[in-house]
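First comes the structure, then the notes that go with it.
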Amino acid sequence: MATAREVNSDNGSDGEISQDPERQALDYVTRVLSSVCLQENAHQPPYMLPVETPDGIRHEGLDLKKSPVTGGSGELSSLLLCLPLELILHILSYLDPRFILGVLPLVCRTFQHIVADDITWRLRVQKRIGGNFPVLEQEHFDWPAACIELEEQVSNWSDNGKRTEHFSLSYGHYAPVDAVLLLERGSLCVSGSRDRNVILWDLKQLGNKQEKAKGKILGTEKTGTHKGWAWSLAACDHFVCSGSWDSSMKIWDIAADGQQVMAIRGRAAVLCLAYLPDILVAGSYDKKVSIYDPRATRPLLKSRVLHSSPVLSLVADDRHIVSGGEDRTMVVFDRRANAVLQTIQMNNYLFCMSYEAPQLWAGGNQGLIHVYGSQGGTFQHLRCFDVGHTSQVTGIWHSTGALYTTSTDKTMKIHIPTDPPRTLCTLTHNSVVNGVSVSGRTVAAASGEQTIEIWRLPE
């Protein structure tokens, strides 16, 4: 059995360990989360990308008015294929996209070509979804996968999400839940709370004639998982890291039933985390972004003051670390060059981020959603959306065909990521909603009402 290691990441910084982390946390929440600071002129003029309308789609030689087969193809035995392509696509619009993608290419070469052509899927998305999509189209965009996810998102959440199963885990924490993270395609969930505990939930039996999920508090300390509020979570493979207002990070092995494998002591509250196979990145109250190698005996690799106020959010990949500070800046750090690549000044601060290159979606303290694109190694502000939140956006999760946002306005909103986003459903709660996580067909939200809210999407 592995033994947990505790290491000190003291690096001679000018930050000091808070003597009263709970008081510091309460002051932070009062300053950052409790006030509604919407501004009428908060929208920044976005950089407008050219958008292709349905009439402007390049058909690349396809004639929708003609049959896709010719007399010499040997496939005229199928009357369907004698129809103009426009009518064939209309007929296919009544079929499930997974069926189209998986079965029709096996019928004949003509269907194979139709299904393989991006135009088939672009036209279907334009007719089904409407609006401009995607916000930023990158090279080798997977149109069939996007179409499937968009249509399933609309189906699952239209009519106020009545097709989904909803569960409320209200029996584990006794204080507001500030962080939630789904693992293993939604079969496991980790939550962090102001009761100082991190709980590992087994969701596999939830809903299978069982109303409760099995929860286990991580750690062996009688006072709780941490000595301060458990505020941030991140995962890589089967390891989960929890960050706390007690200035510590703890790493847990989920494959070993949540056993602690390491504790890292910092010098300030850990407000946000990103966990990659080679590094762990932490943003802290003392304005620093720190990079660790959890596999090493001395894990701290570097620590830099990148902001003039606490670091509220960050994301990372193998090239960039992007952090947002309360100082209303977004800093892009180039991992390869070991240097700051950009500092972007804003009129708001970013409280949460969702990133998959080349798109970064972020929620700000003015209730708005901002979209950035990374091109040529730098980030550009592309769009600013008002999706209906009336106060701070506390959580955001974005994928090709789905967008989830949570807010201190006591709502979670489900959208499709068109330009502008189309809101499918607004779920209202009795308290603030502090974050969201999505994995597989499971959605989880952290509630200020001391609960974790779980939704299961239909198969």
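Following the order of the structure tokens, first chain is A, next is B, and so on, with residues numbered from 1 inside each chain and ligands from 1 in the order they appear.
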
Q: Write out as a list in words the residues lying within 8 Å of segment 158-170 of chain A, counting only C-alpha atoms and excluding same-chain residues fewer than 5 positions away.
A: Glu211, Lys212, Ala213, Leu424, Cys425, Thr426, Leu427, Gln450, Thr451, Ile452, Glu453, Ile454, Trp455, Arg456, Leu457 and Pro458 of chain A

Neighbours of segment 236-247 of chain A within 6 Å (only C-alpha atoms; same-chain residues fewer than 3 positions away dropped), as a PDB file with N, CA, C and O atoms, in the first residue's frame?
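Once everything was written out, this is part24.pdb:
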```pdb
ATOM      1  N   PRO A  21      -7.665  31.030   7.638  1.00  0.00           N
ATOM      2  CA  PRO A  21      -8.109  30.821   6.264  1.00  0.00           C
ATOM      3  C   PRO A  21      -9.612  30.976   6.093  1.00  0.00           C
ATOM      4  O   PRO A  21     -10.086  31.400   5.047  1.00  0.00           O
ATOM      5  N   LYS A 227      -8.040  21.500   6.289  1.00  0.00           N
ATOM      6  CA  LYS A 227      -8.234  22.359   7.466  1.00  0.00           C
ATOM      7  C   LYS A 227      -8.885  23.687   7.087  1.00  0.00           C
ATOM      8  O   LYS A 227      -9.039  24.558   7.936  1.00  0.00           O
ATOM      9  N   GLY A 228      -9.225  23.824   5.827  1.00  0.00           N
ATOM     10  CA  GLY A 228      -9.939  24.999   5.324  1.00  0.00           C
ATOM     11  C   GLY A 228     -10.948  24.549   4.291  1.00  0.00           C
ATOM     12  O   GLY A 228     -11.052  23.355   3.969  1.00  0.00           O
ATOM     13  N   TRP A 229     -11.700  25.492   3.743  1.00  0.00           N
ATOM     14  CA  TRP A 229     -12.691  25.138   2.737  1.00  0.00           C
ATOM     15  C   TRP A 229     -12.044  24.388   1.575  1.00  0.00           C
ATOM     16  O   TRP A 229     -10.991  24.787   1.064  1.00  0.00           O
ATOM     17  N   ALA A 230     -12.676  23.294   1.142  1.00  0.00           N
ATOM     18  CA  ALA A 230     -12.231  22.561  -0.050  1.00  0.00           C
ATOM     19  C   ALA A 230     -12.830  23.278  -1.262  1.00  0.00           C
ATOM     20  O   ALA A 230     -14.038  23.183  -1.509  1.00  0.00           O
ATOM     21  N   TRP A 231     -12.001  23.986  -2.016  1.00  0.00           N
ATOM     22  CA  TRP A 231     -12.482  24.991  -2.974  1.00  0.00           C
ATOM     23  C   TRP A 231     -12.330  24.590  -4.433  1.00  0.00           C
ATOM     24  O   TRP A 231     -13.107  25.016  -5.290  1.00  0.00           O
ATOM     25  N   SER A 232     -11.316  23.788  -4.766  1.00  0.00           N
ATOM     26  CA  SER A 232     -11.036  23.496  -6.176  1.00  0.00           C
ATOM     27  C   SER A 232     -10.681  22.030  -6.360  1.00  0.00           C
ATOM     28  O   SER A 232     -10.131  21.380  -5.466  1.00  0.00           O
ATOM     29  N   LEU A 233     -10.990  21.512  -7.569  1.00  0.00           N
ATOM     30  CA  LEU A 233     -10.744  20.111  -7.907  1.00  0.00           C
ATOM     31  C   LEU A 233     -10.223  20.015  -9.337  1.00  0.00           C
ATOM     32  O   LEU A 233     -10.596  20.810 -10.200  1.00  0.00           O
ATOM     33  N   LYS A 250      -4.007  18.235  -2.023  1.00  0.00           N
ATOM     34  CA  LYS A 250      -3.878  16.816  -1.721  1.00  0.00           C
ATOM     35  C   LYS A 250      -4.264  16.008  -2.945  1.00  0.00           C
ATOM     36  O   LYS A 250      -5.236  16.338  -3.643  1.00  0.00           O
ATOM     37  N   ILE A 251      -3.487  14.961  -3.206  1.00  0.00           N
ATOM     38  CA  ILE A 251      -3.713  14.125  -4.383  1.00  0.00           C
ATOM     39  C   ILE A 251      -4.216  12.763  -3.921  1.00  0.00           C
ATOM     40  O   ILE A 251      -3.646  12.141  -3.011  1.00  0.00           O
ATOM     41  N   TRP A 252      -5.291  12.310  -4.582  1.00  0.00           N
ATOM     42  CA  TRP A 252      -5.985  11.087  -4.206  1.00  0.00           C
ATOM     43  C   TRP A 252      -5.976  10.109  -5.371  1.00  0.00           C
ATOM     44  O   TRP A 252      -6.158  10.498  -6.527  1.00  0.00           O
ATOM     45  N   ASP A 253      -5.764   8.835  -5.053  1.00  0.00           N
ATOM     46  CA  ASP A 253      -5.776   7.777  -6.064  1.00  0.00           C
ATOM     47  C   ASP A 253      -7.157   7.140  -6.072  1.00  0.00           C
ATOM     48  O   ASP A 253      -7.503   6.363  -5.180  1.00  0.00           O
ATOM     49  N   ILE A 254      -7.966   7.488  -7.066  1.00  0.00           N
ATOM     50  CA  ILE A 254      -9.328   6.970  -7.126  1.00  0.00           C
ATOM     51  C   ILE A 254      -9.327   5.477  -7.404  1.00  0.00           C
ATOM     52  O   ILE A 254     -10.215   4.754  -6.951  1.00  0.00           O
ATOM     53  N   ALA A 255      -8.318   4.991  -8.120  1.00  0.00           N
ATOM     54  CA  ALA A 255      -8.242   3.549  -8.391  1.00  0.00           C
ATOM     55  C   ALA A 255      -7.960   2.754  -7.124  1.00  0.00           C
ATOM     56  O   ALA A 255      -8.197   1.548  -7.084  1.00  0.00           O
ATOM     57  N   GLY A 266       1.400  24.806   0.313  1.00  0.00           N
ATOM     58  CA  GLY A 266       1.786  26.059  -0.312  1.00  0.00           C
ATOM     59  C   GLY A 266       1.807  27.187   0.699  1.00  0.00           C
ATOM     60  O   GLY A 266       1.850  26.964   1.910  1.00  0.00           O
ATOM     61  N   ARG A 267       1.738  28.433   0.181  1.00  0.00           N
ATOM     62  CA  ARG A 267       1.786  29.593   1.051  1.00  0.00           C
ATOM     63  C   ARG A 267       0.549  30.472   0.952  1.00  0.00           C
ATOM     64  O   ARG A 267       0.490  31.539   1.567  1.00  0.00           O
ATOM     65  N   ALA A 268      -0.448  30.023   0.178  1.00  0.00           N
ATOM     66  CA  ALA A 268      -1.676  30.805   0.035  1.00  0.00           C
ATOM     67  C   ALA A 268      -2.794  29.882  -0.414  1.00  0.00           C
ATOM     68  O   ALA A 268      -2.556  28.781  -0.932  1.00  0.00           O
ATOM     69  N   ALA A 269      -4.023  30.349  -0.235  1.00  0.00           N
ATOM     70  CA  ALA A 269      -5.198  29.568  -0.617  1.00  0.00           C
ATOM     71  C   ALA A 269      -5.143  29.183  -2.088  1.00  0.00           C
ATOM     72  O   ALA A 269      -4.769  29.988  -2.947  1.00  0.00           O
ATOM     73  N   VAL A 270      -5.508  27.937  -2.378  1.00  0.00           N
ATOM     74  CA  VAL A 270      -5.505  27.415  -3.751  1.00  0.00           C
ATOM     75  C   VAL A 270      -6.909  27.594  -4.314  1.00  0.00           C
ATOM     76  O   VAL A 270      -7.854  26.923  -3.886  1.00  0.00           O
ATOM     77  N   TYR A 275      -4.852  19.890 -14.120  1.00  0.00           N
ATOM     78  CA  TYR A 275      -4.055  18.681 -13.916  1.00  0.00           C
ATOM     79  C   TYR A 275      -3.823  18.017 -15.265  1.00  0.00           C
ATOM     80  O   TYR A 275      -4.757  17.602 -15.938  1.00  0.00           O
ATOM     81  N   LEU A 276      -2.570  17.934 -15.678  1.00  0.00           N
ATOM     82  CA  LEU A 276      -2.171  17.298 -16.921  1.00  0.00           C
ATOM     83  C   LEU A 276      -1.272  16.109 -16.607  1.00  0.00           C
ATOM     84  O   LEU A 276      -0.788  15.967 -15.478  1.00  0.00           O
TER      85      LEU A 276
END
```

Could you find all residues in segment 97-312 of chain A that DSSP calls strand (DSSP E or B) from the backbone, and write them as an mmCIF file with N, CA and C atoms, in the first residue's frame?
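Heads up, here's the output in out10.cif:
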```cif
data_model
loop_
_atom_site.group_PDB
_atom_site.id
_atom_site.type_symbol
_atom_site.label_atom_id
_atom_site.label_comp_id
_atom_site.auth_asym_id
_atom_site.auth_seq_id
_atom_site.Cartn_x
_atom_site.Cartn_y
_atom_site.Cartn_z
ATOM 1 N N ASN A 132 -25.770 30.690 -36.356
ATOM 2 C CA ASN A 132 -24.444 30.455 -36.924
ATOM 3 C C ASN A 132 -23.699 29.444 -36.070
ATOM 4 N N GLU A 165 -33.198 12.219 -15.895
ATOM 5 C CA GLU A 165 -33.413 11.827 -14.503
ATOM 6 C C GLU A 165 -32.653 12.792 -13.596
ATOM 7 N N HIS A 166 -33.267 13.202 -12.522
ATOM 8 C CA HIS A 166 -32.637 14.151 -11.608
ATOM 9 C C HIS A 166 -32.545 13.557 -10.215
ATOM 10 N N PHE A 167 -31.361 13.705 -9.595
ATOM 11 C CA PHE A 167 -31.118 13.234 -8.234
ATOM 12 C C PHE A 167 -30.424 14.354 -7.463
ATOM 13 N N SER A 168 -30.725 14.442 -6.180
ATOM 14 C CA SER A 168 -30.101 15.441 -5.320
ATOM 15 C C SER A 168 -29.381 14.727 -4.178
ATOM 16 N N LEU A 169 -28.047 14.855 -4.147
ATOM 17 C CA LEU A 169 -27.253 14.242 -3.078
ATOM 18 C C LEU A 169 -27.170 15.249 -1.940
ATOM 19 N N VAL A 177 -21.521 23.563 -1.215
ATOM 20 C CA VAL A 177 -20.593 22.825 -2.075
ATOM 21 C C VAL A 177 -20.069 23.788 -3.139
ATOM 22 N N ASP A 178 -18.751 23.904 -3.224
ATOM 23 C CA ASP A 178 -18.143 24.877 -4.140
ATOM 24 C C ASP A 178 -17.485 24.250 -5.355
ATOM 25 N N ALA A 179 -17.229 22.943 -5.335
ATOM 26 C CA ALA A 179 -16.545 22.306 -6.460
ATOM 27 C C ALA A 179 -17.135 20.925 -6.695
ATOM 28 N N VAL A 180 -17.287 20.559 -7.954
ATOM 29 C CA VAL A 180 -17.785 19.234 -8.306
ATOM 30 C C VAL A 180 -17.054 18.774 -9.558
ATOM 31 N N LEU A 181 -16.780 17.465 -9.629
ATOM 32 C CA LEU A 181 -16.019 16.924 -10.749
ATOM 33 C C LEU A 181 -16.467 15.490 -11.004
ATOM 34 N N LEU A 182 -16.920 15.218 -12.233
ATOM 35 C CA LEU A 182 -17.315 13.869 -12.626
ATOM 36 C C LEU A 182 -16.124 13.119 -13.199
ATOM 37 N N LEU A 183 -16.068 11.822 -12.916
ATOM 38 C CA LEU A 183 -14.988 10.961 -13.375
ATOM 39 C C LEU A 183 -15.567 9.701 -14.020
ATOM 40 N N LEU A 188 -18.471 8.104 -11.338
ATOM 41 C CA LEU A 188 -17.969 8.593 -10.061
ATOM 42 C C LEU A 188 -18.060 10.114 -10.035
ATOM 43 N N CYS A 189 -18.155 10.676 -8.832
ATOM 44 C CA CYS A 189 -18.214 12.122 -8.672
ATOM 45 C C CYS A 189 -17.406 12.503 -7.432
ATOM 46 N N VAL A 190 -16.687 13.625 -7.520
ATOM 47 C CA VAL A 190 -15.950 14.163 -6.378
ATOM 48 C C VAL A 190 -16.491 15.560 -6.096
ATOM 49 N N SER A 191 -16.699 15.871 -4.819
ATOM 50 C CA SER A 191 -17.219 17.181 -4.450
ATOM 51 C C SER A 191 -16.393 17.777 -3.322
ATOM 52 N N GLY A 192 -16.246 19.105 -3.337
ATOM 53 C CA GLY A 192 -15.527 19.827 -2.296
ATOM 54 C C GLY A 192 -16.428 20.873 -1.687
ATOM 55 N N SER A 193 -16.355 21.036 -0.363
ATOM 56 C CA SER A 193 -17.325 21.872 0.341
ATOM 57 C C SER A 193 -16.657 22.772 1.373
ATOM 58 N N VAL A 198 -13.797 16.627 1.224
ATOM 59 C CA VAL A 198 -13.900 16.187 -0.166
ATOM 60 C C VAL A 198 -14.531 14.796 -0.123
ATOM 61 N N ILE A 199 -15.615 14.605 -0.859
ATOM 62 C CA ILE A 199 -16.336 13.340 -0.839
ATOM 63 C C ILE A 199 -16.273 12.690 -2.211
ATOM 64 N N LEU A 200 -15.989 11.386 -2.224
ATOM 65 C CA LEU A 200 -16.020 10.573 -3.435
ATOM 66 C C LEU A 200 -17.356 9.834 -3.463
ATOM 67 N N TRP A 201 -18.116 10.051 -4.529
ATOM 68 C CA TRP A 201 -19.442 9.454 -4.672
ATOM 69 C C TRP A 201 -19.418 8.374 -5.749
ATOM 70 N N ASP A 202 -20.033 7.235 -5.438
ATOM 71 C CA ASP A 202 -20.221 6.172 -6.417
ATOM 72 C C ASP A 202 -21.632 6.305 -6.974
ATOM 73 N N LYS A 214 -23.502 6.071 -2.862
ATOM 74 C CA LYS A 214 -22.557 5.822 -1.772
ATOM 75 C C LYS A 214 -21.489 6.908 -1.767
ATOM 76 N N GLY A 215 -21.313 7.567 -0.616
ATOM 77 C CA GLY A 215 -20.320 8.623 -0.497
ATOM 78 C C GLY A 215 -19.261 8.292 0.542
ATOM 79 N N LYS A 216 -18.025 8.671 0.221
ATOM 80 C CA LYS A 216 -16.905 8.420 1.139
ATOM 81 C C LYS A 216 -16.092 9.696 1.303
ATOM 82 N N ILE A 217 -15.920 10.153 2.557
ATOM 83 C CA ILE A 217 -15.078 11.312 2.815
ATOM 84 C C ILE A 217 -13.620 10.914 2.651
ATOM 85 N N ALA A 230 -12.676 23.294 1.142
ATOM 86 C CA ALA A 230 -12.231 22.561 -0.050
ATOM 87 C C ALA A 230 -12.830 23.278 -1.262
ATOM 88 N N TRP A 231 -12.001 23.986 -2.016
ATOM 89 C CA TRP A 231 -12.482 24.991 -2.974
ATOM 90 C C TRP A 231 -12.330 24.590 -4.433
ATOM 91 N N SER A 232 -11.316 23.788 -4.766
ATOM 92 C CA SER A 232 -11.036 23.496 -6.176
ATOM 93 C C SER A 232 -10.681 22.030 -6.360
ATOM 94 N N LEU A 233 -10.990 21.512 -7.569
ATOM 95 C CA LEU A 233 -10.744 20.111 -7.907
ATOM 96 C C LEU A 233 -10.223 20.015 -9.337
ATOM 97 N N ALA A 234 -9.363 19.035 -9.576
ATOM 98 C CA ALA A 234 -8.899 18.727 -10.934
ATOM 99 C C ALA A 234 -8.487 17.268 -10.963
ATOM 100 N N ALA A 235 -8.561 16.646 -12.138
ATOM 101 C CA ALA A 235 -8.250 15.221 -12.254
ATOM 102 C C ALA A 235 -7.407 14.946 -13.478
ATOM 103 N N CYS A 236 -6.592 13.895 -13.376
ATOM 104 C CA CYS A 236 -5.815 13.383 -14.506
ATOM 105 C C CYS A 236 -5.733 11.872 -14.346
ATOM 106 N N PHE A 239 -6.120 9.993 -10.872
ATOM 107 C CA PHE A 239 -5.704 10.832 -9.744
ATOM 108 C C PHE A 239 -6.541 12.111 -9.710
ATOM 109 N N VAL A 240 -6.937 12.501 -8.503
ATOM 110 C CA VAL A 240 -7.695 13.734 -8.284
ATOM 111 C C VAL A 240 -6.922 14.605 -7.315
ATOM 112 N N CYS A 241 -6.856 15.908 -7.612
ATOM 113 C CA CYS A 241 -6.222 16.861 -6.706
ATOM 114 C C CYS A 241 -7.288 17.796 -6.151
ATOM 115 N N SER A 242 -7.246 18.009 -4.843
ATOM 116 C CA SER A 242 -8.142 18.971 -4.199
ATOM 117 C C SER A 242 -7.316 20.122 -3.639
ATOM 118 N N GLY A 243 -7.797 21.343 -3.853
ATOM 119 C CA GLY A 243 -7.119 22.539 -3.354
ATOM 120 C C GLY A 243 -7.985 23.232 -2.317
ATOM 121 N N SER A 244 -7.346 23.825 -1.310
ATOM 122 C CA SER A 244 -8.094 24.340 -0.176
ATOM 123 C C SER A 244 -7.635 25.738 0.233
ATOM 124 N N SER A 248 -3.195 24.173 1.026
ATOM 125 C CA SER A 248 -2.660 22.845 0.692
ATOM 126 C C SER A 248 -3.373 22.271 -0.525
ATOM 127 N N MET A 249 -2.655 21.348 -1.174
ATOM 128 C CA MET A 249 -3.223 20.513 -2.220
ATOM 129 C C MET A 249 -2.990 19.063 -1.823
ATOM 130 N N LYS A 250 -4.007 18.235 -2.023
ATOM 131 C CA LYS A 250 -3.878 16.816 -1.721
ATOM 132 C C LYS A 250 -4.264 16.008 -2.945
ATOM 133 N N ILE A 251 -3.487 14.961 -3.206
ATOM 134 C CA ILE A 251 -3.713 14.125 -4.383
ATOM 135 C C ILE A 251 -4.216 12.763 -3.921
ATOM 136 N N TRP A 252 -5.291 12.310 -4.582
ATOM 137 C CA TRP A 252 -5.985 11.087 -4.206
ATOM 138 C C TRP A 252 -5.976 10.109 -5.371
ATOM 139 N N ASP A 253 -5.764 8.835 -5.053
ATOM 140 C CA ASP A 253 -5.776 7.777 -6.064
ATOM 141 C C ASP A 253 -7.157 7.140 -6.072
ATOM 142 N N GLN A 259 -7.400 6.670 -1.846
ATOM 143 C CA GLN A 259 -6.275 6.772 -0.914
ATOM 144 C C GLN A 259 -5.423 8.001 -1.223
ATOM 145 N N GLN A 260 -4.981 8.708 -0.200
ATOM 146 C CA GLN A 260 -4.124 9.878 -0.394
ATOM 147 C C GLN A 260 -2.714 9.434 -0.729
ATOM 148 N N VAL A 261 -2.146 10.048 -1.770
ATOM 149 C CA VAL A 261 -0.795 9.692 -2.182
ATOM 150 C C VAL A 261 0.187 10.843 -1.991
ATOM 151 N N MET A 262 -0.314 12.069 -1.839
ATOM 152 C CA MET A 262 0.594 13.203 -1.659
ATOM 153 C C MET A 262 -0.159 14.390 -1.085
ATOM 154 N N ALA A 263 0.531 15.179 -0.273
ATOM 155 C CA ALA A 263 0.029 16.468 0.192
ATOM 156 C C ALA A 263 1.100 17.511 -0.077
ATOM 157 N N ILE A 264 0.708 18.609 -0.700
ATOM 158 C CA ILE A 264 1.625 19.691 -1.019
ATOM 159 C C ILE A 264 1.194 20.927 -0.245
ATOM 160 N N ARG A 265 2.084 21.471 0.557
ATOM 161 C CA ARG A 265 1.773 22.665 1.342
ATOM 162 C C ARG A 265 2.301 23.899 0.633
ATOM 163 N N VAL A 270 -5.508 27.937 -2.378
ATOM 164 C CA VAL A 270 -5.505 27.415 -3.751
ATOM 165 C C VAL A 270 -6.909 27.594 -4.314
ATOM 166 N N LEU A 271 -7.055 28.489 -5.299
ATOM 167 C CA LEU A 271 -8.369 28.857 -5.804
ATOM 168 C C LEU A 271 -8.744 28.144 -7.095
ATOM 169 N N CYS A 272 -7.770 27.647 -7.858
ATOM 170 C CA CYS A 272 -8.077 26.954 -9.113
ATOM 171 C C CYS A 272 -6.937 26.010 -9.466
ATOM 172 N N LEU A 273 -7.276 24.956 -10.204
ATOM 173 C CA LEU A 273 -6.312 23.900 -10.526
ATOM 174 C C LEU A 273 -6.487 23.442 -11.972
ATOM 175 N N ALA A 274 -5.402 22.946 -12.553
ATOM 176 C CA ALA A 274 -5.434 22.234 -13.824
ATOM 177 C C ALA A 274 -4.448 21.077 -13.710
ATOM 178 N N TYR A 275 -4.852 19.890 -14.120
ATOM 179 C CA TYR A 275 -4.055 18.681 -13.916
ATOM 180 C C TYR A 275 -3.823 18.017 -15.265
ATOM 181 N N LEU A 280 0.968 19.628 -12.628
ATOM 182 C CA LEU A 280 -0.189 20.130 -11.899
ATOM 183 C C LEU A 280 -0.007 21.643 -11.779
ATOM 184 N N VAL A 281 -1.023 22.414 -12.182
ATOM 185 C CA VAL A 281 -0.940 23.868 -12.155
ATOM 186 C C VAL A 281 -1.937 24.392 -11.136
ATOM 187 N N ALA A 282 -1.494 25.342 -10.308
ATOM 188 C CA ALA A 282 -2.348 25.910 -9.274
ATOM 189 C C ALA A 282 -2.339 27.429 -9.353
ATOM 190 N N GLY A 283 -3.512 28.030 -9.247
ATOM 191 C CA GLY A 283 -3.639 29.472 -9.126
ATOM 192 C C GLY A 283 -4.025 29.806 -7.697
ATOM 193 N N SER A 284 -3.363 30.765 -7.097
ATOM 194 C CA SER A 284 -3.538 30.977 -5.659
ATOM 195 C C SER A 284 -3.881 32.422 -5.308
ATOM 196 N N LYS A 288 -0.228 34.178 -7.612
ATOM 197 C CA LYS A 288 0.745 33.344 -8.311
ATOM 198 C C LYS A 288 0.094 32.209 -9.086
ATOM 199 N N VAL A 289 0.775 31.816 -10.145
ATOM 200 C CA VAL A 289 0.510 30.569 -10.845
ATOM 201 C C VAL A 289 1.728 29.685 -10.626
ATOM 202 N N SER A 290 1.498 28.516 -10.040
ATOM 203 C CA SER A 290 2.594 27.609 -9.686
ATOM 204 C C SER A 290 2.448 26.313 -10.457
ATOM 205 N N ILE A 291 3.586 25.757 -10.866
ATOM 206 C CA ILE A 291 3.607 24.518 -11.644
ATOM 207 C C ILE A 291 4.355 23.454 -10.843
ATOM 208 N N TYR A 292 3.710 22.291 -10.718
ATOM 209 C CA TYR A 292 4.274 21.189 -9.944
ATOM 210 C C TYR A 292 4.394 19.938 -10.808
ATOM 211 N N LEU A 300 7.629 21.202 -6.710
ATOM 212 C CA LEU A 300 7.511 22.552 -7.260
ATOM 213 C C LEU A 300 8.534 22.773 -8.368
ATOM 214 N N LEU A 301 8.067 23.107 -9.569
ATOM 215 C CA LEU A 301 8.939 23.398 -10.695
ATOM 216 C C LEU A 301 9.187 24.897 -10.842
ATOM 217 N N LYS A 302 8.123 25.686 -10.776
ATOM 218 C CA LYS A 302 8.252 27.142 -10.861
ATOM 219 C C LYS A 302 6.997 27.782 -10.295
ATOM 220 N N SER A 303 7.159 29.006 -9.824
ATOM 221 C CA SER A 303 6.042 29.772 -9.291
ATOM 222 C C SER A 303 6.261 31.233 -9.659
ATOM 223 N N ARG A 304 5.253 31.836 -10.290
ATOM 224 C CA ARG A 304 5.410 33.206 -10.758
ATOM 225 C C ARG A 304 4.200 34.054 -10.399
ATOM 226 N N VAL A 305 4.462 35.302 -10.056
ATOM 227 C CA VAL A 305 3.386 36.277 -9.858
ATOM 228 C C VAL A 305 2.978 36.785 -11.239
ATOM 229 N N VAL A 311 -5.627 34.819 -8.252
ATOM 230 C CA VAL A 311 -5.882 34.092 -9.493
ATOM 231 C C VAL A 311 -7.175 33.302 -9.315
ATOM 232 N N LEU A 312 -8.174 33.597 -10.140
ATOM 233 C CA LEU A 312 -9.506 33.023 -9.951
ATOM 234 C C LEU A 312 -9.769 31.797 -10.807
#
```

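As for atom CA of Thr418 of chain A and atom CA of Val436 of chain A, they are spaced 19.8 Å apart.
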
Q: Mind checking which residues fall within 12 Å of Ser391 of chain A, counting only C-alpha atoms, ignoring those fewer than 5 positions away in the same chain, and posting them as a PyMOL selection string?
A: chain A and resi 32-39+351+363-369+386+405-411+432-433

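When only C-alpha atoms are used to compute distances to Trp157 of chain A, the closest of the residues A:Leu87, A:Ile414, A:Val438, A:Ala446 turns out to be A:Ile414.
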
Q: Once DSSP has gone over the backbone, tell me which residues of segment 140-347 of chain A are in helix (DSSP H, G or I), as a ChimeraX atom specification.
A: /A:143-161,184-186,254-256

(Q) What does the structure give for the distance between atom CA of Ala175 of chain A and atom CA of Tyr285 of chain A, in Å to one decimal? (A) 21.7 Å
